Amino acid sequence: MAVYANSDLTNITIDRVWDRVLLENRYGKAGLMPKVLNKSDKVRKSGEIVSIEIEGALSTGTVTAGTGAFTPSAPVPTMVNITVNTWQYVAIEITDQAKVQSFWDPNSTFPKNAGKALAVAYDTALAAQHTSITTNVQGDPEAPVAFSDVSARGALLKLADLNIPLEDLNFFLPPVGFYSGLLAQVEFTAAYSTGDAKSTLITGQMKPLLGVPITILTTLATYTGAGGAVKKGLLLHKECMGIAMQMEHDYALVDRKPAGLLSHAGVTQSLYGVQVVRETHGVVLNIRAS
């Protein structure tokens, strides 16, 4: 007796069904870039370098009692430059044949996803500036520990000791710093200590720490030392770092026929620069990465 088996009919009368809605790829979010100085308006029309001036500190003196004499001070401003020299792009290309025969047009989602990819690049470039923050470092990179309230208090103390305003601050933590660090502390999670109706472990609500908002980032730098992998978390005042964007997500759909190619390319470009502006206004947090 003849039997029709699945293997005989696959791809003949047993068809393959295509889901015509593609699942989106996952990108990090621009969590750092919106919370630093943005000097993009200075280079919209032209220019390569944005110079930021910082006032010098005034000093006191003692008046000569007998004559009333005093010596004027002349604090000299300092200057920090943001050089706009990073030119990056995101591009795709599809042949005309593939474009007319495919039910999916990659250009339909490209502008949005290209913007997401560039946002990750901005945050990665800013996070890499941690190497220029040397005055304030919390934790030993060669013996890292989990992020905790002790780490947070120590970081804020460093800024307070330097008279840095404790407003316009943000904690930038790797996921391990929040999920394996803060959420492992009863003081941060228990309803009786937080004043919430339910534990943070139930609600998942990310509340400010010592009044400072927390942003979770996957773009923070990693250092590998004698003590293992370390994530470089950050506590930043808004004036610690700056970014200047001259071309921001400039998108174009390019017909490649003049170049002898029957295809279309989508290109998004960005021209920007990043810099630590006030080095004392930030703290590097050495956080155990596992």
# chains A, B, ... in the order shown; residues from 1 in each chain; ligands from 1

call {"tool": "select_by_dssp", "arguments": {"residues": "range 66-113 of chain A", "states": "alpha helix (DSSP H)", "output": "ChimeraX atom specification"}}
result
/A:96-101,110-113

call {"tool": "write_last_selection", "arguments": {"atoms": "N, CA and C atoms", "output": "PDB file, in the first residue's frame"}}
result
ATOM      1  N   ASP A  96      17.765  46.216  -7.101  1.00  0.00           N
ATOM      2  CA  ASP A  96      16.415  46.487  -7.597  1.00  0.00           C
ATOM      3  C   ASP A  96      15.609  45.200  -7.711  1.00  0.00           C
ATOM      4  N   GLN A  97      16.268  44.096  -8.096  1.00  0.00           N
ATOM      5  CA  GLN A  97      15.563  42.825  -8.208  1.00  0.00           C
ATOM      6  C   GLN A  97      15.043  42.372  -6.849  1.00  0.00           C
ATOM      7  N   ALA A  98      15.919  42.425  -5.845  1.00  0.00           N
ATOM      8  CA  ALA A  98      15.501  42.004  -4.500  1.00  0.00           C
ATOM      9  C   ALA A  98      14.395  42.917  -3.966  1.00  0.00           C
ATOM     10  N   LYS A  99      14.459  44.193  -4.330  1.00  0.00           N
ATOM     11  CA  LYS A  99      13.464  45.145  -3.829  1.00  0.00           C
ATOM     12  C   LYS A  99      12.071  44.827  -4.357  1.00  0.00           C
ATOM     13  N   VAL A 100      11.975  44.459  -5.653  1.00  0.00           N
ATOM     14  CA  VAL A 100      10.650  44.205  -6.226  1.00  0.00           C
ATOM     15  C   VAL A 100      10.150  42.803  -5.914  1.00  0.00           C
ATOM     16  N   GLN A 101      11.043  41.871  -5.601  1.00  0.00           N
ATOM     17  CA  GLN A 101      10.615  40.492  -5.374  1.00  0.00           C
ATOM     18  C   GLN A 101      10.418  40.150  -3.902  1.00  0.00           C
ATOM     19  N   PHE A 110      14.685  51.325   8.131  1.00  0.00           N
ATOM     20  CA  PHE A 110      16.077  51.739   8.253  1.00  0.00           C
ATOM     21  C   PHE A 110      16.285  53.067   8.969  1.00  0.00           C
ATOM     22  N   PRO A 111      15.555  54.141   8.619  1.00  0.00           N
ATOM     23  CA  PRO A 111      15.834  55.425   9.291  1.00  0.00           C
ATOM     24  C   PRO A 111      15.701  55.339  10.813  1.00  0.00           C
ATOM     25  N   LYS A 112      14.646  54.665  11.279  1.00  0.00           N
ATOM     26  CA  LYS A 112      14.447  54.548  12.725  1.00  0.00           C
ATOM     27  C   LYS A 112      15.555  53.721  13.365  1.00  0.00           C
ATOM     28  N   ASN A 113      15.892  52.583  12.768  1.00  0.00           N
ATOM     29  CA  ASN A 113      16.910  51.715  13.355  1.00  0.00           C
ATOM     30  C   ASN A 113      18.311  52.297  13.231  1.00  0.00           C
TER      31      ASN A 113
END

call {"tool": "residues_around", "arguments": {"residues": "range 174-180 of chain A", "least_positions_apart": "2", "cutoff": "6 Å", "atoms": "only C-alpha atoms", "output": "list of chain:residue names"}}
result
A:Phe147, A:Leu182, A:Leu183, A:Ala184, A:Ile216, A:Leu217, A:Thr218

call {"tool": "write_last_selection", "arguments": {"atoms": "N, CA, C and O atoms", "output": "compact mmCIF listing (two decimals), in the first residue's frame"}}
result
# COMPACT_ATOMS: atom_id res chain seq x y z
N PHE A 147 27.86 46.67 43.32
CA PHE A 147 27.41 48.03 43.60
C PHE A 147 26.38 48.00 44.73
O PHE A 147 25.49 47.14 44.76
N LEU A 182 22.10 46.45 43.77
CA LEU A 182 21.09 47.10 44.59
C LEU A 182 19.93 46.18 44.96
O LEU A 182 19.43 46.21 46.09
N LEU A 183 19.48 45.36 44.01
CA LEU A 183 18.33 44.49 44.30
C LEU A 183 18.68 43.34 45.24
O LEU A 183 17.79 42.59 45.65
N ALA A 184 19.96 43.19 45.55
CA ALA A 184 20.35 42.18 46.54
C ALA A 184 20.36 42.76 47.95
O ALA A 184 20.62 42.04 48.91
N ILE A 216 20.05 52.59 33.61
CA ILE A 216 20.78 51.36 33.30
C ILE A 216 21.28 51.43 31.86
O ILE A 216 20.52 51.72 30.94
N LEU A 217 22.58 51.19 31.68
CA LEU A 217 23.19 51.24 30.36
C LEU A 217 23.99 49.97 30.07
O LEU A 217 24.66 49.44 30.97
N THR A 218 23.92 49.51 28.83
CA THR A 218 24.75 48.38 28.40
C THR A 218 25.98 48.85 27.64
O THR A 218 26.77 48.03 27.18

call {"tool": "atom_distance", "arguments": {"atom1": "CA of Gly225 in chain A", "atom2": "CA of Pro144 in chain A"}}
result
9.4 Å

call {"tool": "closest_atom_pairs", "arguments": {"of": "range 33-67 of chain A", "to": "range 244-263 of chain A", "cutoff": "7 Å", "atoms": "only C-alpha atoms", "output": "JSON lines"}}
result
{"residue": "A:Asn38", "atom": "CA", "partner": "A:Ala244", "partner_atom": "CA", "distance": 5.9}
{"residue": "A:Lys39", "atom": "CA", "partner": "A:Ala244", "partner_atom": "CA", "distance": 4.8}
{"residue": "A:Ser40", "atom": "CA", "partner": "A:Ala244", "partner_atom": "CA", "distance": 4.2}
{"residue": "A:Val43", "atom": "CA", "partner": "A:Gln246", "partner_atom": "CA", "distance": 5.6}
{"residue": "A:Arg44", "atom": "CA", "partner": "A:Gln246", "partner_atom": "CA", "distance": 5.4}

call {"tool": "closest_residue", "arguments": {"among": "A:Gln138, A:Thr71, A:Asn170, A:Asn6", "to": "Thr215 in chain A", "atoms": "only C-alpha atoms"}}
result
A:Asn170

call {"tool": "residues_around", "arguments": {"residues": "Thr203 in chain A", "least_positions_apart": "6", "cutoff": "10 Å", "atoms": "only C-alpha atoms", "output": "compact mmCIF listing (two decimals) with N, CA and C atoms, in the first residue's frame"}}
result
# COMPACT_ATOMS: atom_id res chain seq x y z
N THR A 189 15.09 47.13 48.73
CA THR A 189 13.98 46.38 48.15
C THR A 189 12.79 46.18 49.07
N ASP A 196 7.24 51.83 50.36
CA ASP A 196 6.30 51.46 49.31
C ASP A 196 5.32 50.40 49.81
N ALA A 197 4.22 50.25 49.08
CA ALA A 197 3.23 49.25 49.45
C ALA A 197 3.75 47.84 49.20

call {"tool": "residues_around", "arguments": {"residues": "Ile287 in chain A", "least_positions_apart": "5", "cutoff": "8 Å", "atoms": "only C-alpha atoms", "output": "ChimeraX atom specification"}}
result
/A:139,141,144-147,177,230-233

call {"tool": "closest_residue", "arguments": {"among": "A:Thr109, A:Thr10, A:Thr219, A:Gln129", "to": "Gly266 in chain A", "atoms": "only C-alpha atoms"}}
result
A:Thr109

call {"tool": "residues_around", "arguments": {"residues": "Leu210 in chain A", "least_positions_apart": "3", "cutoff": "9 Å", "atoms": "only C-alpha atoms", "output": "VMD selection string"}}
result
chain A and resid 149 152 to 153 156 213

call {"tool": "write_last_selection", "arguments": {"atoms": "N, CA, C and O atoms", "output": "PDB file, in the first residue's frame"}}
result
ATOM      1  N   ASP A 149      24.654  50.550  48.377  1.00  0.00           N
ATOM      2  CA  ASP A 149      24.476  51.881  48.949  1.00  0.00           C
ATOM      3  C   ASP A 149      25.809  52.441  49.453  1.00  0.00           C
ATOM      4  O   ASP A 149      26.012  53.660  49.466  1.00  0.00           O
ATOM      5  N   ALA A 152      27.363  54.042  46.501  1.00  0.00           N
ATOM      6  CA  ALA A 152      26.656  55.277  46.160  1.00  0.00           C
ATOM      7  C   ALA A 152      27.010  56.396  47.135  1.00  0.00           C
ATOM      8  O   ALA A 152      27.273  57.537  46.730  1.00  0.00           O
ATOM      9  N   ARG A 153      27.017  56.084  48.420  1.00  0.00           N
ATOM     10  CA  ARG A 153      27.334  57.103  49.417  1.00  0.00           C
ATOM     11  C   ARG A 153      28.761  57.588  49.272  1.00  0.00           C
ATOM     12  O   ARG A 153      29.056  58.775  49.404  1.00  0.00           O
ATOM     13  N   LEU A 156      28.942  59.993  46.201  1.00  0.00           N
ATOM     14  CA  LEU A 156      28.356  61.303  46.479  1.00  0.00           C
ATOM     15  C   LEU A 156      29.215  62.106  47.456  1.00  0.00           C
ATOM     16  O   LEU A 156      29.318  63.336  47.350  1.00  0.00           O
ATOM     17  N   PRO A 213      18.640  60.033  40.243  1.00  0.00           N
ATOM     18  CA  PRO A 213      18.047  59.062  39.313  1.00  0.00           C
ATOM     19  C   PRO A 213      19.069  58.029  38.838  1.00  0.00           C
ATOM     20  O   PRO A 213      20.265  58.319  38.732  1.00  0.00           O
TER      21      PRO A 213
END

call {"tool": "residues_around", "arguments": {"residues": "Val284 in chain A", "least_positions_apart": "6", "cutoff": "10 Å", "atoms": "only C-alpha atoms", "output": "list of chain:residue names"}}
result
A:His130, A:Thr131, A:Ser132, A:Ile133, A:Thr134, A:Thr135, A:Asn136, A:Val137, A:Gln138, A:Gly139, A:Ala155, A:Phe172, A:Lys231, A:Lys232, A:Gly233, A:Leu234, A:Leu235, A:Leu236

call {"tool": "select_by_dssp", "arguments": {"residues": "range 16-249 of chain A", "states": "strand (DSSP E or B)", "output": "MDAnalysis selection string"}}
result
chainID A and resid 37:38 49:54 78:83 86:95 137:138 145 169:173 209 212 214:216 222:225 228:237 241:249

call {"tool": "closest_atom_pairs", "arguments": {"of": "range 97-204 of chain A", "to": "range 86-93 of chain A", "cutoff": "8 Å", "atoms": "only C-alpha atoms", "output": "tab-separated table"}}
result
residue	atom	partner	partner_atom	distance
A:Ala114	CA	A:Val90	CA	5.9
A:Ala117	CA	A:Val90	CA	7.7
A:Leu118	CA	A:Val90	CA	7.7

call {"tool": "residues_around", "arguments": {"residues": "Leu162 in chain A", "least_positions_apart": "4", "cutoff": "10 Å", "atoms": "only C-alpha atoms", "output": "PyMOL selection string"}}
result
chain A and resi 136+157-158+280-281

call {"tool": "write_last_selection", "arguments": {"atoms": "N, CA and C atoms", "output": "mmCIF file, in the first residue's frame"}}
result
data_model
loop_
_atom_site.group_PDB
_atom_site.id
_atom_site.type_symbol
_atom_site.label_atom_id
_atom_site.label_comp_id
_atom_site.auth_asym_id
_atom_site.auth_seq_id
_atom_site.Cartn_x
_atom_site.Cartn_y
_atom_site.Cartn_z
ATOM 1 N N ASN A 136 38.058 61.522 40.994
ATOM 2 C CA ASN A 136 37.095 60.782 41.805
ATOM 3 C C ASN A 136 36.894 59.369 41.262
ATOM 4 N N LEU A 157 29.843 61.415 48.388
ATOM 5 C CA LEU A 157 30.716 62.090 49.336
ATOM 6 C C LEU A 157 31.894 62.746 48.627
ATOM 7 N N LYS A 158 32.429 62.073 47.620
ATOM 8 C CA LYS A 158 33.555 62.642 46.874
ATOM 9 C C LYS A 158 33.153 63.960 46.210
ATOM 10 N N THR A 280 36.261 67.113 37.551
ATOM 11 C CA THR A 280 35.954 66.901 38.971
ATOM 12 C C THR A 280 34.463 66.667 39.219
ATOM 13 N N HIS A 281 33.651 66.846 38.196
ATOM 14 C CA HIS A 281 32.199 66.728 38.362
ATOM 15 C C HIS A 281 31.668 65.322 38.086
#

call {"tool": "closest_residue", "arguments": {"among": "A:Thr64, A:Thr194, A:Ser7, A:Gln275", "to": "Met33 in chain A", "atoms": "only C-alpha atoms"}}
result
A:Gln275

call {"tool": "closest_residue", "arguments": {"among": "A:Pro77, A:Ile49, A:Val274, A:Asn11", "to": "Tyr122 in chain A", "atoms": "only C-alpha atoms"}}
result
A:Val274

call {"tool": "decode", "arguments": {"residues": "range 222-235 of chain A", "atoms": "all heavy atoms", "output": "compact mmCIF listing (two decimals), in the first residue's frame"}}
result
# COMPACT_ATOMS: atom_id res chain seq x y z
N THR A 222 34.11 48.17 29.87
CA THR A 222 34.53 47.03 30.68
C THR A 222 36.05 47.01 30.80
O THR A 222 36.76 47.23 29.82
CB THR A 222 34.05 45.70 30.07
OG1 THR A 222 32.63 45.72 29.95
CG2 THR A 222 34.45 44.51 30.94
N TYR A 223 36.54 46.77 32.00
CA TYR A 223 37.97 46.66 32.26
C TYR A 223 38.24 45.29 32.86
O TYR A 223 37.48 44.83 33.72
CB TYR A 223 38.42 47.76 33.21
CG TYR A 223 39.78 47.55 33.85
CD1 TYR A 223 40.95 47.84 33.16
CD2 TYR A 223 39.89 47.02 35.14
CE1 TYR A 223 42.19 47.64 33.75
CE2 TYR A 223 41.12 46.82 35.73
CZ TYR A 223 42.28 47.13 35.03
OH TYR A 223 43.50 46.91 35.62
N THR A 224 39.28 44.63 32.41
CA THR A 224 39.65 43.33 32.97
C THR A 224 40.99 43.45 33.68
O THR A 224 42.01 43.75 33.06
CB THR A 224 39.73 42.25 31.88
OG1 THR A 224 38.47 42.16 31.21
CG2 THR A 224 40.05 40.89 32.51
N GLY A 225 40.97 43.26 34.98
CA GLY A 225 42.18 43.36 35.78
C GLY A 225 42.45 42.08 36.54
O GLY A 225 41.87 41.03 36.25
N ALA A 226 43.30 42.18 37.55
CA ALA A 226 43.67 41.00 38.34
C ALA A 226 42.48 40.42 39.07
O ALA A 226 42.41 39.21 39.33
CB ALA A 226 44.76 41.38 39.33
N GLY A 227 41.51 41.28 39.41
CA GLY A 227 40.35 40.82 40.14
C GLY A 227 39.20 40.38 39.27
O GLY A 227 38.12 40.08 39.79
N GLY A 228 39.40 40.35 37.95
CA GLY A 228 38.34 39.94 37.04
C GLY A 228 37.76 41.13 36.30
O GLY A 228 38.30 42.24 36.31
N ALA A 229 36.63 40.89 35.62
CA ALA A 229 36.00 41.92 34.79
C ALA A 229 35.32 42.97 35.67
O ALA A 229 34.67 42.66 36.66
CB ALA A 229 34.99 41.28 33.85
N VAL A 230 35.50 44.22 35.27
CA VAL A 230 34.94 45.36 36.00
C VAL A 230 34.14 46.21 35.02
O VAL A 230 34.61 46.52 33.92
CB VAL A 230 36.06 46.23 36.62
CG1 VAL A 230 35.46 47.42 37.36
CG2 VAL A 230 36.92 45.40 37.54
N LYS A 231 32.95 46.60 35.41
CA LYS A 231 32.14 47.54 34.64
C LYS A 231 32.39 48.95 35.20
O LYS A 231 32.39 49.15 36.40
CB LYS A 231 30.66 47.19 34.73
CG LYS A 231 30.25 46.04 33.84
CD LYS A 231 30.29 46.43 32.37
CE LYS A 231 29.76 45.35 31.48
NZ LYS A 231 29.82 45.76 30.05
N LYS A 232 32.56 49.89 34.29
CA LYS A 232 32.84 51.26 34.70
C LYS A 232 31.53 52.06 34.77
O LYS A 232 31.13 52.73 33.81
CB LYS A 232 33.81 51.92 33.71
CG LYS A 232 35.18 51.26 33.65
CD LYS A 232 35.97 51.51 34.94
CE LYS A 232 37.38 50.96 34.86
NZ LYS A 232 38.19 51.27 36.04
N GLY A 233 30.86 51.96 35.91
CA GLY A 233 29.69 52.80 36.14
C GLY A 233 30.10 54.24 36.33
O GLY A 233 31.29 54.55 36.53
N LEU A 234 29.12 55.13 36.30
CA LEU A 234 29.42 56.55 36.40
C LEU A 234 28.39 57.27 37.27
O LEU A 234 27.19 56.94 37.23
CB LEU A 234 29.42 57.21 35.01
CG LEU A 234 30.48 56.73 34.01
CD1 LEU A 234 30.14 57.22 32.62
CD2 LEU A 234 31.87 57.19 34.42
N LEU A 235 28.86 58.23 38.03
CA LEU A 235 28.01 59.23 38.68
C LEU A 235 28.44 60.56 38.07
O LEU A 235 29.58 60.98 38.26
CB LEU A 235 28.20 59.24 40.19
CG LEU A 235 27.53 60.40 40.93
CD1 LEU A 235 26.01 60.37 40.77
CD2 LEU A 235 27.90 60.39 42.42
